[in-house]
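Shown next: run.tsv, given as TSV, C-alpha atoms and all ligand atoms.
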```tsv
chain	number	residue	atom	x	y	z
L	1	MET	CA	59.55	-61.65	-5.01
L	2	ALA	CA	62.22	-64.25	-5.68
L	3	PRO	CA	65.68	-63.67	-4.20
L	4	ALA	CA	68.39	-62.43	-6.52
L	5	ARG	CA	70.65	-65.07	-7.97
L	6	THR	CA	74.20	-64.56	-9.14
L	7	ALA	CA	74.86	-65.42	-12.74
L	8	THR	CA	78.56	-66.04	-12.76
L	9	THR	CA	78.77	-69.70	-13.76
L	10	PRO	CA	78.20	-70.09	-17.46
L	11	ILE	CA	75.99	-73.00	-18.32
L	12	VAL	CA	75.82	-74.69	-21.69
L	13	LEU	CA	72.36	-75.45	-22.93
L	14	LYS	CA	72.78	-77.09	-26.30
L	15	LYS	CA	69.12	-77.01	-27.16
L	16	SER	CA	69.31	-73.30	-27.52
L	17	SER	CA	71.51	-73.36	-30.57
L	18	TYR	CA	68.67	-72.33	-32.86
L	19	TYR	CA	69.49	-68.86	-31.84
L	20	LEU	CA	72.32	-68.55	-34.27
L	21	LEU	CA	69.71	-66.98	-36.54
L	22	GLY	CA	71.12	-64.66	-39.15
L	23	THR	CA	74.66	-64.98	-38.08
L	24	VAL	CA	75.65	-66.57	-41.38
L	25	ALA	CA	75.44	-63.19	-43.03
L	26	VAL	CA	77.51	-61.47	-40.47
L	27	ILE	CA	80.24	-63.86	-41.36
L	28	ALA	CA	80.16	-63.03	-45.03
L	29	LEU	CA	80.15	-59.32	-44.41
L	30	ALA	CA	82.14	-58.92	-41.27
L	31	ALA	CA	85.35	-58.05	-43.03
L	32	ILE	CA	83.77	-55.19	-44.97
L	33	GLY	CA	83.71	-53.04	-41.92
L	34	LEU	CA	80.83	-50.63	-42.34
L	35	THR	CA	80.35	-48.54	-39.26
L	36	ARG	CA	77.13	-46.75	-40.08
L	37	THR	CA	74.59	-46.91	-37.27
L	38	THR	CA	70.99	-45.84	-37.55
L	39	THR	CA	69.39	-44.90	-34.30
L	40	THR	CA	66.52	-42.79	-33.17
L	41	ASN	CA	66.99	-39.56	-31.26
L	42	GLU	CA	63.37	-39.14	-30.35
L	43	LEU	CA	60.81	-41.08	-28.40
L	44	PRO	CA	57.06	-40.87	-28.90
L	45	ALA	CA	55.14	-38.98	-26.24
L	46	HIS	CA	54.09	-42.00	-24.23
L	47	SER	CA	54.25	-42.66	-20.53
L	48	ALA	CA	55.61	-46.19	-20.19
L	49	ASP	CA	53.44	-48.64	-18.24
L	50	ALA	CA	54.73	-51.93	-16.82
L	51	SER	CA	51.40	-53.72	-16.91
L	52	PRO	CA	50.94	-53.91	-20.72
L	53	GLY	CA	54.72	-54.41	-20.87
L	54	GLU	CA	54.36	-57.81	-19.20
L	55	ARG	CA	52.35	-59.05	-22.19
L	56	ILE	CA	55.11	-57.91	-24.55
L	57	PHE	CA	57.69	-59.65	-22.35
L	58	TRP	CA	55.98	-63.03	-22.77
L	59	ALA	CA	55.13	-62.48	-26.42
L	60	GLY	CA	58.78	-61.56	-27.01
L	61	GLY	CA	60.25	-64.60	-25.27
L	62	CYS	CA	62.96	-62.57	-23.51
L	63	ALA	CA	63.18	-65.12	-20.68
L	64	SER	CA	63.90	-67.97	-23.10
L	65	CYS	CA	67.35	-66.49	-23.66
L	66	HIS	CA	68.02	-64.07	-20.81
L	67	ALA	CA	66.77	-66.03	-17.76
L	68	THR	CA	69.71	-67.51	-15.89
L	69	PRO	CA	69.67	-71.32	-16.25
L	70	VAL	CA	69.15	-73.27	-13.03
L	71	ASP	CA	71.33	-76.34	-12.46
L	72	GLY	CA	72.22	-76.39	-16.13
L	73	LYS	CA	68.61	-76.40	-17.24
L	74	ARG	CA	66.27	-73.82	-18.68
L	75	ALA	CA	64.68	-71.70	-15.95
L	76	LYS	CA	61.09	-72.57	-15.00
L	77	GLY	CA	58.30	-70.71	-13.23
L	78	ASP	CA	59.37	-67.58	-11.35
L	79	ASP	CA	63.03	-68.23	-12.16
L	80	LYS	CA	62.17	-66.97	-15.64
L	81	LEU	CA	62.02	-63.50	-14.14
L	82	LEU	CA	65.69	-63.56	-13.09
L	83	LEU	CA	67.28	-62.14	-16.22
L	84	GLY	CA	70.93	-62.46	-15.20
L	85	GLY	CA	71.90	-64.08	-18.49
L	86	GLY	CA	74.48	-66.84	-18.59
L	87	LEU	CA	72.90	-69.06	-21.20
L	88	GLU	CA	75.47	-70.08	-23.79
L	89	LEU	CA	74.33	-70.16	-27.39
L	90	ASP	CA	76.66	-72.68	-28.95
L	91	THR	CA	76.79	-71.98	-32.69
L	92	PRO	CA	79.10	-72.98	-35.51
L	93	PHE	CA	80.58	-69.45	-35.35
L	94	GLY	CA	81.48	-69.65	-31.71
L	95	VAL	CA	79.75	-69.21	-28.39
L	96	PHE	CA	77.44	-66.30	-27.57
L	97	HIS	CA	77.04	-65.55	-23.86
L	98	VAL	CA	73.58	-64.09	-23.38
L	99	PRO	CA	74.02	-60.93	-21.27
L	100	ASN	CA	72.43	-59.79	-18.01
L	101	ILE	CA	69.42	-57.54	-18.73
L	102	SER	CA	68.12	-57.42	-15.16
L	103	PRO	CA	67.70	-53.98	-13.54
L	104	HIS	CA	71.04	-54.35	-11.74
L	105	VAL	CA	72.79	-51.01	-12.25
L	106	GLU	CA	76.38	-52.23	-12.72
L	107	ASP	CA	75.84	-55.67	-14.21
L	108	GLY	CA	72.48	-55.34	-15.97
L	109	ILE	CA	70.72	-52.53	-17.79
L	110	GLY	CA	69.46	-50.68	-14.71
L	111	ASP	CA	71.12	-47.42	-15.66
L	112	TRP	CA	70.08	-47.39	-19.31
L	113	SER	CA	67.92	-44.54	-20.54
L	114	MET	CA	64.66	-45.30	-22.33
L	115	LEU	CA	66.21	-44.13	-25.59
L	116	GLU	CA	69.18	-46.48	-25.18
L	117	PHE	CA	66.80	-49.38	-24.63
L	118	VAL	CA	64.71	-48.52	-27.69
L	119	ASN	CA	67.82	-48.23	-29.86
L	120	ALA	CA	69.02	-51.64	-28.69
L	121	MET	CA	65.65	-53.31	-29.32
L	122	GLN	CA	64.75	-51.68	-32.61
L	123	HIS	CA	68.06	-50.70	-34.19
L	124	GLY	CA	70.41	-53.31	-32.73
L	125	VAL	CA	72.75	-50.61	-31.43
L	126	SER	CA	74.30	-50.55	-27.94
L	127	PRO	CA	74.51	-47.42	-25.75
L	128	ASP	CA	78.14	-47.02	-26.83
L	129	GLY	CA	77.27	-47.31	-30.52
L	130	ARG	CA	78.28	-50.91	-31.25
L	131	HIS	CA	76.15	-53.19	-33.43
L	132	TYR	CA	74.54	-56.16	-31.77
L	133	TYR	CA	74.70	-59.58	-33.35
L	134	PRO	CA	71.37	-60.74	-34.78
L	135	SER	CA	71.46	-63.72	-32.41
L	136	PHE	CA	69.54	-61.09	-30.40
L	137	PRO	CA	66.42	-61.14	-32.62
L	138	TYR	CA	66.08	-57.37	-33.02
L	139	THR	CA	65.30	-57.78	-36.74
L	140	SER	CA	61.86	-58.92	-35.53
L	141	TYR	CA	61.65	-56.52	-32.59
L	142	ALA	CA	62.28	-53.65	-35.05
L	143	LYS	CA	58.71	-54.22	-36.24
L	144	MET	CA	57.26	-53.49	-32.79
L	145	ASN	CA	55.53	-50.24	-31.89
L	146	THR	CA	57.94	-48.07	-29.96
L	147	GLU	CA	55.25	-47.54	-27.30
L	148	ASP	CA	55.22	-51.31	-26.68
L	149	VAL	CA	59.01	-51.34	-26.39
L	150	MET	CA	58.76	-48.56	-23.81
L	151	ASP	CA	56.14	-50.50	-21.82
L	152	LEU	CA	58.37	-53.57	-21.98
L	153	ARG	CA	61.22	-51.53	-20.53
L	154	ALA	CA	58.94	-50.38	-17.68
L	155	TYR	CA	58.06	-54.02	-16.95
L	156	LEU	CA	61.71	-55.16	-17.00
L	157	ALA	CA	62.46	-52.46	-14.43
L	158	THR	CA	60.06	-54.18	-11.98
L	159	LEU	CA	61.96	-57.51	-12.07
L	160	PRO	CA	64.58	-58.55	-9.49
L	161	GLU	CA	68.14	-57.28	-9.81
L	162	VAL	CA	70.59	-60.07	-10.55
L	163	ALA	CA	74.32	-59.54	-9.95
L	164	GLY	CA	77.01	-61.01	-12.16
L	165	THR	CA	78.24	-60.41	-15.67
L	166	THR	CA	78.76	-62.92	-18.43
L	167	PRO	CA	81.98	-63.40	-20.41
L	168	GLU	CA	82.67	-61.85	-23.81
L	169	HIS	CA	81.34	-63.92	-26.71
L	170	ALA	CA	83.93	-66.40	-27.90
L	171	LEU	CA	83.57	-66.02	-31.67
L	172	ASP	CA	86.10	-66.90	-34.33
L	173	PHE	CA	87.44	-64.28	-36.74
L	174	PRO	CA	85.83	-62.72	-38.80
L	175	TRP	CA	82.64	-63.13	-36.78
L	176	SER	CA	84.32	-61.46	-33.90
L	177	VAL	CA	84.25	-58.15	-35.85
L	178	ARG	CA	81.05	-56.29	-35.04
L	179	ARG	CA	81.44	-53.57	-37.65
L	180	GLY	CA	80.33	-55.79	-40.52
L	181	ILE	CA	76.90	-56.18	-38.98
L	182	GLY	CA	76.10	-52.65	-40.20
L	183	LEU	CA	75.82	-53.71	-43.81
L	184	TRP	CA	73.89	-56.84	-42.89
L	185	LYS	CA	71.42	-54.69	-41.03
L	186	ARG	CA	70.91	-52.45	-44.03
L	187	MET	CA	69.80	-55.54	-45.94
L	188	ASN	CA	67.74	-57.18	-43.23
L	189	LEU	CA	66.47	-54.65	-40.72
L	190	LYS	CA	63.05	-53.53	-41.90
L	191	SER	CA	60.20	-52.17	-39.86
L	192	ASP	CA	57.40	-52.81	-42.38
L	193	PRO	CA	55.20	-55.93	-42.18
L	194	VAL	CA	56.01	-59.09	-44.16
L	195	ILE	CA	52.50	-60.19	-45.16
L	196	ASP	CA	49.61	-58.04	-46.41
L	197	VAL	CA	46.36	-58.56	-44.53
L	198	ALA	CA	43.01	-56.78	-44.83
L	199	GLU	CA	43.58	-53.42	-43.17
L	200	ASP	CA	40.13	-53.52	-41.53
L	201	ASP	CA	40.48	-56.99	-39.98
L	202	GLU	CA	41.45	-56.19	-36.39
L	203	GLN	CA	42.13	-59.81	-35.49
L	204	LEU	CA	44.46	-60.44	-38.43
L	205	LEU	CA	46.27	-57.17	-37.80
L	206	LEU	CA	46.84	-58.17	-34.18
L	207	GLY	CA	47.95	-61.68	-35.17
L	208	ARG	CA	50.36	-60.29	-37.73
L	209	TYR	CA	51.77	-57.89	-35.19
L	210	LEU	CA	52.33	-60.56	-32.54
L	211	VAL	CA	53.84	-63.11	-34.94
L	212	GLU	CA	56.01	-60.85	-37.09
L	213	SER	CA	57.36	-58.56	-34.36
L	214	ALA	CA	57.56	-59.55	-30.70
L	215	GLY	CA	56.80	-63.26	-31.25
L	216	HIS	CA	59.74	-63.52	-33.70
L	217	CYS	CA	58.23	-66.78	-35.01
L	218	GLY	CA	59.91	-66.27	-38.39
L	219	GLU	CA	63.37	-66.44	-36.81
L	220	CYS	CA	62.95	-70.21	-36.48
L	221	HIS	CA	60.18	-71.07	-38.94
L	222	THR	CA	61.36	-69.14	-42.04
L	223	PRO	CA	64.22	-70.41	-44.23
L	224	ARG	CA	67.16	-68.05	-44.82
L	225	ASP	CA	69.04	-66.96	-47.91
L	226	GLY	CA	72.81	-67.13	-48.32
L	227	PHE	CA	73.17	-63.87	-46.41
L	228	GLY	CA	71.13	-65.03	-43.46
L	229	GLY	CA	68.07	-62.96	-44.35
L	230	MET	CA	64.63	-64.53	-44.03
L	231	ILE	CA	63.17	-65.49	-47.43
L	232	ALA	CA	59.89	-63.55	-47.58
L	233	SER	CA	58.35	-65.75	-50.31
L	234	GLU	CA	58.70	-68.75	-47.99
L	235	TRP	CA	57.60	-66.90	-44.87
L	236	LEU	CA	57.01	-69.39	-42.01
L	237	GLY	CA	57.50	-72.20	-44.56
L	238	GLY	CA	59.77	-74.30	-42.37
L	239	ALA	CA	63.54	-74.20	-41.99
L	240	ALA	CA	66.57	-76.24	-41.16
L	241	ASN	CA	66.83	-76.94	-37.46
L	242	PRO	CA	70.21	-75.72	-36.24
L	243	ASP	CA	70.01	-78.40	-33.57
L	244	GLY	CA	70.61	-80.75	-36.47
L	245	GLU	CA	67.55	-82.83	-35.66
L	246	GLY	CA	64.80	-82.75	-38.28
L	247	LYS	CA	63.32	-79.47	-39.46
L	248	VAL	CA	61.43	-76.63	-37.89
L	249	PRO	CA	57.98	-77.26	-39.44
L	250	ASP	CA	56.09	-75.28	-42.07
L	251	ILE	CA	53.32	-73.51	-40.10
L	252	THR	CA	51.54	-71.98	-43.12
L	253	PRO	CA	48.43	-73.70	-44.53
L	254	SER	CA	50.73	-76.06	-46.49
L	255	GLY	CA	52.35	-77.39	-43.30
L	256	LYS	CA	52.26	-81.18	-42.98
L	257	ASN	CA	50.56	-81.02	-39.59
L	258	VAL	CA	48.90	-77.61	-39.41
L	259	SER	CA	47.16	-78.00	-42.80
L	260	GLY	CA	44.73	-80.21	-40.89
L	261	TRP	CA	44.38	-77.86	-37.90
L	262	SER	CA	41.62	-75.32	-37.45
L	263	ALA	CA	42.41	-71.91	-35.98
L	264	SER	CA	41.10	-73.13	-32.62
L	265	ASP	CA	43.35	-76.21	-32.83
L	266	ILE	CA	46.35	-73.89	-33.29
L	267	ALA	CA	45.22	-71.64	-30.45
L	268	TYR	CA	44.77	-74.69	-28.19
L	269	TYR	CA	48.25	-75.95	-29.10
L	270	LEU	CA	49.74	-72.58	-28.15
L	271	GLU	CA	47.81	-72.60	-24.87
L	272	SER	CA	48.31	-76.21	-23.79
L	273	GLY	CA	51.10	-77.73	-25.87
L	274	PHE	CA	48.75	-80.43	-27.15
L	275	THR	CA	48.17	-81.09	-30.84
L	276	PRO	CA	44.71	-82.23	-32.03
L	277	ASP	CA	46.07	-85.82	-31.90
L	278	PHE	CA	47.14	-85.32	-28.29
L	279	ASP	CA	50.77	-85.28	-29.22
L	280	THR	CA	52.80	-82.84	-27.12
L	281	VAL	CA	54.94	-79.94	-28.22
L	282	GLY	CA	58.67	-80.68	-28.33
L	283	GLY	CA	62.10	-79.20	-28.96
L	284	THR	CA	62.74	-75.49	-28.92
L	285	MET	CA	59.01	-74.86	-29.34
L	286	VAL	CA	58.42	-75.89	-25.70
L	287	ALA	CA	59.72	-72.58	-24.33
L	288	VAL	CA	57.80	-70.62	-26.97
L	289	GLN	CA	54.58	-72.46	-26.10
L	290	GLU	CA	55.09	-71.76	-22.38
L	291	ASN	CA	55.36	-68.06	-23.21
L	292	MET	CA	52.27	-68.20	-25.42
L	293	SER	CA	50.30	-69.78	-22.56
L	294	ARG	CA	50.84	-66.51	-20.63
L	295	LEU	CA	49.07	-64.44	-23.29
L	296	SER	CA	45.33	-63.82	-23.41
L	297	ALA	CA	42.97	-66.13	-25.31
L	298	ASP	CA	42.32	-63.23	-27.71
L	299	ASP	CA	46.03	-62.89	-28.48
L	300	ARG	CA	46.37	-66.63	-29.15
L	301	ALA	CA	43.25	-66.63	-31.32
L	302	ALA	CA	44.69	-63.73	-33.33
L	303	ILE	CA	47.99	-65.56	-33.85
L	304	ALA	CA	46.09	-68.66	-34.98
L	305	ALA	CA	43.90	-66.65	-37.37
L	306	TYR	CA	46.99	-65.06	-38.90
L	307	LEU	CA	48.72	-68.44	-39.36
L	308	ASN	CA	45.65	-69.74	-41.15
L	309	ALA	CA	45.56	-66.66	-43.37
L	310	VAL	CA	49.21	-66.42	-44.50
L	311	PRO	CA	49.99	-67.69	-48.02
L	312	ALA	CA	50.84	-71.39	-48.18
L	313	ALA	CA	54.64	-71.54	-48.44
L	314	HIS	CA	54.65	-74.80	-50.41
L	315	PRO	CA	51.30	-74.87	-52.24
L	316	THR	CA	52.11	-78.07	-54.14
L	317	ASN	CA	52.70	-80.16	-51.01
J	401	LIG	C1	67.25	-65.81	-29.16
J	401	LIG	C2	67.81	-65.39	-27.90
J	401	LIG	C3	67.38	-64.02	-27.43
J	401	LIG	C4	66.09	-63.57	-27.22
J	401	LIG	C5	64.78	-64.30	-27.48
J	401	LIG	C6	66.23	-62.24	-26.68
J	401	LIG	N1	67.56	-61.90	-26.60
J	401	LIG	FE1	68.31	-60.15	-25.88
J	401	LIG	N2	70.18	-60.73	-26.46
J	401	LIG	C7	70.54	-61.97	-26.92
J	401	LIG	C8	71.97	-62.00	-27.20
J	401	LIG	C9	72.76	-63.19	-27.72
J	401	LIG	C10	72.45	-60.72	-26.89
J	401	LIG	C11	73.90	-60.21	-27.07
J	401	LIG	C12	74.03	-59.59	-28.44
J	401	LIG	C13	75.42	-59.03	-28.71
J	401	LIG	O1	76.27	-59.06	-27.82
J	401	LIG	O2	75.65	-58.55	-29.84
J	401	LIG	C14	71.30	-59.95	-26.42
J	401	LIG	C15	71.38	-58.63	-26.01
J	401	LIG	C16	70.31	-57.92	-25.47
J	401	LIG	C17	70.41	-56.58	-24.95
J	401	LIG	C18	71.69	-55.75	-24.86
J	401	LIG	C19	72.33	-56.02	-23.53
J	401	LIG	C20	73.66	-55.35	-23.32
J	401	LIG	O3	74.20	-55.50	-22.23
J	401	LIG	O4	74.18	-54.70	-24.22
J	401	LIG	C21	69.16	-56.22	-24.51
J	401	LIG	C22	68.75	-54.91	-23.87
J	401	LIG	C23	68.29	-57.34	-24.77
J	401	LIG	N3	69.02	-58.36	-25.35
J	401	LIG	C24	66.95	-57.36	-24.45
J	401	LIG	C25	66.07	-58.38	-24.82
J	401	LIG	C26	64.64	-58.33	-24.60
J	401	LIG	C27	63.91	-57.23	-23.88
J	401	LIG	C28	64.13	-59.47	-25.15
J	401	LIG	C29	62.68	-59.89	-25.28
J	401	LIG	C30	61.80	-58.98	-26.01
J	401	LIG	C31	65.26	-60.23	-25.69
J	401	LIG	N4	66.42	-59.53	-25.46
J	401	LIG	C32	65.16	-61.46	-26.31
J	401	LIG	C33	69.68	-63.04	-27.11
J	401	LIG	C34	68.28	-62.96	-27.04
J	402	LIG	C1	63.03	-71.30	-31.04
J	402	LIG	C2	62.58	-71.61	-32.34
J	402	LIG	C3	61.09	-71.42	-32.52
J	402	LIG	C4	60.39	-70.25	-32.40
J	402	LIG	C5	60.91	-68.87	-32.01
J	402	LIG	C6	59.02	-70.58	-32.71
J	402	LIG	N1	58.91	-71.90	-33.02
J	402	LIG	FE1	57.16	-72.89	-33.47
J	402	LIG	N2	58.18	-74.63	-33.56
J	402	LIG	C7	59.54	-74.80	-33.40
J	402	LIG	C8	59.85	-76.21	-33.47
J	402	LIG	C9	61.24	-76.83	-33.33
J	402	LIG	C10	58.62	-76.89	-33.67
J	402	LIG	C11	58.40	-78.40	-33.74
J	402	LIG	C12	57.93	-78.82	-32.37
J	402	LIG	C13	57.84	-80.31	-32.18
J	402	LIG	O1	58.59	-81.04	-32.85
J	402	LIG	O2	57.04	-80.75	-31.33
J	402	LIG	C14	57.60	-75.86	-33.74
J	402	LIG	C15	56.25	-76.14	-33.93
J	402	LIG	C16	55.26	-75.19	-34.06
J	402	LIG	C17	53.87	-75.47	-34.37
J	402	LIG	C18	53.30	-76.87	-34.63
J	402	LIG	C19	53.62	-77.26	-36.05
J	402	LIG	C20	53.66	-78.74	-36.31
J	402	LIG	O3	53.78	-79.08	-37.50
J	402	LIG	O4	53.61	-79.54	-35.37
J	402	LIG	C21	53.21	-74.27	-34.41
J	402	LIG	C22	51.73	-74.04	-34.71
J	402	LIG	C23	54.18	-73.25	-34.11
J	402	LIG	N3	55.42	-73.83	-33.91
J	402	LIG	C24	53.89	-71.91	-34.03
J	402	LIG	C25	54.81	-70.95	-33.63
J	402	LIG	C26	54.47	-69.56	-33.38
J	402	LIG	C27	53.09	-68.95	-33.54
J	402	LIG	C28	55.62	-68.94	-33.00
J	402	LIG	C29	55.82	-67.50	-32.59
J	402	LIG	C30	55.01	-67.06	-31.50
J	402	LIG	C31	56.69	-69.94	-33.02
J	402	LIG	N4	56.16	-71.13	-33.39
J	402	LIG	C32	58.01	-69.65	-32.70
J	402	LIG	C33	60.47	-73.79	-33.17
J	402	LIG	C34	60.14	-72.46	-32.91
```

Re-express the file's structure as structure tokens.
Ligand code: HEC
Ligand code: HEC
Amino acid sequence: MAPARTATTPIVLKKSSYYLLGTVAVIALAAIGLTRTTTTNELPAHSADASPGERIFWAGGCASCHATPVDGKRAKGDDKLLLGGGLELDTPFGVFHVPNISPHVEDGIGDWSMLEFVNAMQHGVSPDGRHYYPSFPYTSYAKMNTEDVMDLRAYLATLPEVAGTTPEHALDFPWSVRRGIGLWKRMNLKSDPVIDVAEDDEQLLLGRYLVESAGHCGECHTPRDGFGGMIASEWLGGAANPDGEGKVPDITPSGKNVSGWSASDIAYYLESGFTPDFDTVGGTMVAVQENMSRLSADDRAAIAAYLNAVPAAHPTN
């Protein structure tokens, strides 16, 4: 096991700025001040198991945001398991400091109950009842099975404790007001699937589950409306790149590149980072691809099958 590292020095990693996600909406609504929180008071009868939880961890990309950067760079290899936070998400609304979610009792989430964890992941509510900002992509995680969230929690509990807390987010008013997120959530937090697939096609159902929930692929690949909600009719149809460089590509069958890719080409890309033309994956997709390479071949094949089956977002391209 790797030694614990202290996450006290904040490190700016510009490339992470895609994570501003639905924050636009929070802005518009922050001043309204709705305080309603919806949480669950019950857990399913399930005994949480760390081993399937590891799969959910990689599918969910938790390390991409929560692993403590090393020498100012994104953590690699085993350092991805040190979830001390410290990454700064530099957005137009201010700076988010990704928190410590290691099992450290004082500084991380070591003393959280299972219910508190589930409410954070699926309802965007903290143990003390505050709304989380959607820069934590719980709008996607809300679509996960609660049993998987519980297994994920069991896996996180096996990771090294990391000491150190991160500073408060430095957001400008009115974004600094968390209450407004309540209304935004009522518009955007939905647990039902986005795309209809044949209910007897196990592979498509699995692919849909991995892409729409844990994988949170839509958070980057789907364009957003004026309130920061993902536009369902253009699901995965490509979006502005908050890094300011180019666009996040359309990955439906109308995508410029993927329209020419078979399902096995897509699966190979997710496994290796190579396109059929032996180009290599770039930008913010690099971390996602590294996570995908940790999944099973069946999981990647299911994701690829789903991407080939979703409606073309721009059929006239
Ligand atoms: C896109 C970046 C990003 C990803 C990916 C991400 N998170 Fe987070 N997470 C955040 C941010 C930012 C916050 C702080 C939100 C706030 O303060 O409102 C946060 C907060 C949390 C919290 C609350 C911590 C606290 O101290 O209150 C938990 C728990 C959490 N994340 C778990 C996870 C897990 C588990 C995963 C993987 C399934 C994950 N996160 C993936 C960015 C991310
Ligand atoms: C952090 C934002 C982000 C997330 C999350 C994300 N992607 Fe991407 N994705 C990108 C970017 C940026 C590119 C372009 C990469 C490049 O330029 O090499 C890309 C490229 C791709 C491509 C190749 C498309 C092309 O035209 O070259 C596929 C396929 C893909 N992503 C699938 C996925 C899947 C499946 C998921 C969810 C498991 C996902 N992405 C999640 C940002 C993201």

Using all atoms listed in the file, find each residue with an atom at most 6 Å away from ligand LIG 401 (chain J) and format the answer as a PDB file with C-alpha atoms, in the frame of the given file.
```pdb
ATOM      1  CA  TYR L  19      69.490 -68.860 -31.840  1.00  0.00           C
ATOM      2  CA  PHE L  57      57.690 -59.650 -22.350  1.00  0.00           C
ATOM      3  CA  GLY L  60      58.780 -61.560 -27.010  1.00  0.00           C
ATOM      4  CA  GLY L  61      60.250 -64.600 -25.270  1.00  0.00           C
ATOM      5  CA  CYS L  62      62.960 -62.570 -23.510  1.00  0.00           C
ATOM      6  CA  SER L  64      63.900 -67.970 -23.100  1.00  0.00           C
ATOM      7  CA  CYS L  65      67.350 -66.490 -23.660  1.00  0.00           C
ATOM      8  CA  PHE L  96      77.440 -66.300 -27.570  1.00  0.00           C
ATOM      9  CA  VAL L  98      73.580 -64.090 -23.380  1.00  0.00           C
ATOM     10  CA  PRO L  99      74.020 -60.930 -21.270  1.00  0.00           C
ATOM     11  CA  ILE L 101      69.420 -57.540 -18.730  1.00  0.00           C
ATOM     12  CA  PHE L 117      66.800 -49.380 -24.630  1.00  0.00           C
ATOM     13  CA  ALA L 120      69.020 -51.640 -28.690  1.00  0.00           C
ATOM     14  CA  SER L 126      74.300 -50.550 -27.940  1.00  0.00           C
ATOM     15  CA  TYR L 132      74.540 -56.160 -31.770  1.00  0.00           C
ATOM     16  CA  TYR L 133      74.700 -59.580 -33.350  1.00  0.00           C
ATOM     17  CA  SER L 135      71.460 -63.720 -32.410  1.00  0.00           C
ATOM     18  CA  PHE L 136      69.540 -61.090 -30.400  1.00  0.00           C
ATOM     19  CA  PRO L 137      66.420 -61.140 -32.620  1.00  0.00           C
TER      20      PRO L 137
END
```

Discussion item. Would you compute the distance between atom CA of Gly129 of chain L and atom CA of Glu116 of chain L? Give it in Å to one decimal.
Written reply: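 Interatomic distance here is 9.7 Å.
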
Item to complete: Compare L:Leu43, L:Ala75, L:Ala214, L:Met230 by their minimum atom-to-atom distance to ligand LIG 402 (chain J), counting only C-alpha atoms and all ligand atoms, and give me the closest one.
Response: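 Distance minimum relative to ligand LIG 402 (chain J) lands on L:Ala214.
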
Practice prompt. Would you list the residues near (73.9, -60.8, -18.7) (no more than 8 Å away, in the coordinates of the file, using only C-alpha atoms) as a list in words?
Written response: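 Those residues lying close to the given coordinates are Ala7, His66, Leu83, Gly84, Gly85, Gly86, His97, Val98, Pro99, Asn100, Ile101, Ser102, Asp107, Gly108, Gly164, Thr165 and Thr166 of chain L.
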
Worksheet item: Given the choices L:Val194, L:Ala287, L:Ala312, L:Val162, which gets closest to Thr252 of chain L if the distance is worked out from only C-alpha atoms?
Response: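 Using only C-alpha atoms, Thr252 of chain L sits closest to L:Ala312.
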
Discussion item. My list of candidates is L:Glu219, L:Asp277, L:Asp225, L:Glu271. Which is closest to ligand LIG 402 (chain J) when distances are computed with all atoms listed in the file?
Written reply: L:Glu219

Worksheet item: What does the distance between atom CA of Cys217 of chain L and atom CA of Glu168 of chain L come to in Å, to one decimal place?
Response: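 Going from atom CA of Cys217 of chain L over to atom CA of Glu168 of chain L covers 27.3 Å.
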
Worksheet entry | Residue with smallest distance to ligand LIG 402 (chain J) - pool L:Leu205, L:Val149, L:Met121, L:Cys220, counting all atoms listed in the file | L:Cys220

Worksheet item: What is the distance between atom CA of Lys73 of chain L and atom CA of Arg178 of chain L, in Å to one decimal?
Response: 29.6 Å

Go ahead and fit an axis-aligned box to every listed atom of segment 133-150 of chain L plus 3 Å each side, and pass me the centre and edge lengths in Å, one decimal, as AutoDock Vina command-line options.
```
--center_x 65.0 --center_y -55.6 --center_z -30.3 --size_x 25.5 --size_y 22.2 --size_z 18.9
```

Discussion item. For a quick check of understanding, using all atoms listed in the file, which of L:Glu88, L:Phe93, L:Leu152, L:Thr146 has the smallest distance to Pro174 of chain L?
Written reply: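 Once distances to Pro174 of chain L are computed over all atoms listed in the file, the minimum belongs to L:Phe93.
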
Item to complete: Name all residues at most 10 Å from Pro44 of chain L (count all atoms listed in the file; drop same-chain ones fewer than 6 positions away) and give them as a list of chain:residue names.
Response: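 Skipping anything fewer than 6 positions along the chain leaves L:Asn145, L:Thr146, L:Glu147, L:Met150.
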
Discussion item. Which residue is closest to ligand LIG 402 (chain J)? Choose from L:Pro134, L:Gly246, L:Gly215, L:Gly260 and count all atoms listed in the file.
Written reply: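 Among L:Pro134, L:Gly246, L:Gly215, L:Gly260, it is L:Gly215 that comes nearest to ligand LIG 402 (chain J).
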
Discussion item. From (54.0, -51.5, -19.7), in the file's coordinates, out to 8 Å: which residues are reached, counting all atoms listed in the file? Answer as a VMD selection string.
Written reply: chain L and resid 48 to 54 148 150 to 155

Item to complete: Skip Asp196 of chain L itself and residues of its chain fewer than 6 positions away, then list as a list in words all residues within 12 Å of it, counting all atoms listed in the file.
Response: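 My list of contacting residues is Leu204, Leu205, Gly207, Arg208, Tyr209, Glu212, Ala232, Tyr306, Ala309, Val310 and Pro311 of chain L.
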
Worksheet item: Residues at most 12 Å from Pro127 of chain L, counting all atoms listed in the file, excluding those fewer than 4 positions away in the same chain, as a list in words?
Response: Thr37, Thr39, Thr40, Ile109, Asp111, Trp112, Ser113, Met114, Leu115, Glu116, Phe117, Val118, Asn119, Ala120, Met121, His123, His131 and Tyr132 of chain L

From the structure block, carefully write segment 129-136 of chain L out with C-alpha atoms; format it as a CSV table (one decimal), in the first residue's frame.
```csv
chain,number,residue,atom,x,y,z
L,129,GLY,CA,-27.9,19.2,4.7
L,130,ARG,CA,-26.2,21.6,2.3
L,131,HIS,CA,-26.5,21.2,-1.5
L,132,TYR,CA,-23.4,20.3,-3.4
L,133,TYR,CA,-22.5,22.1,-6.5
L,134,PRO,CA,-23.0,20.1,-9.7
L,135,SER,CA,-19.3,20.4,-10.5
L,136,PHE,CA,-19.5,17.1,-8.5
```
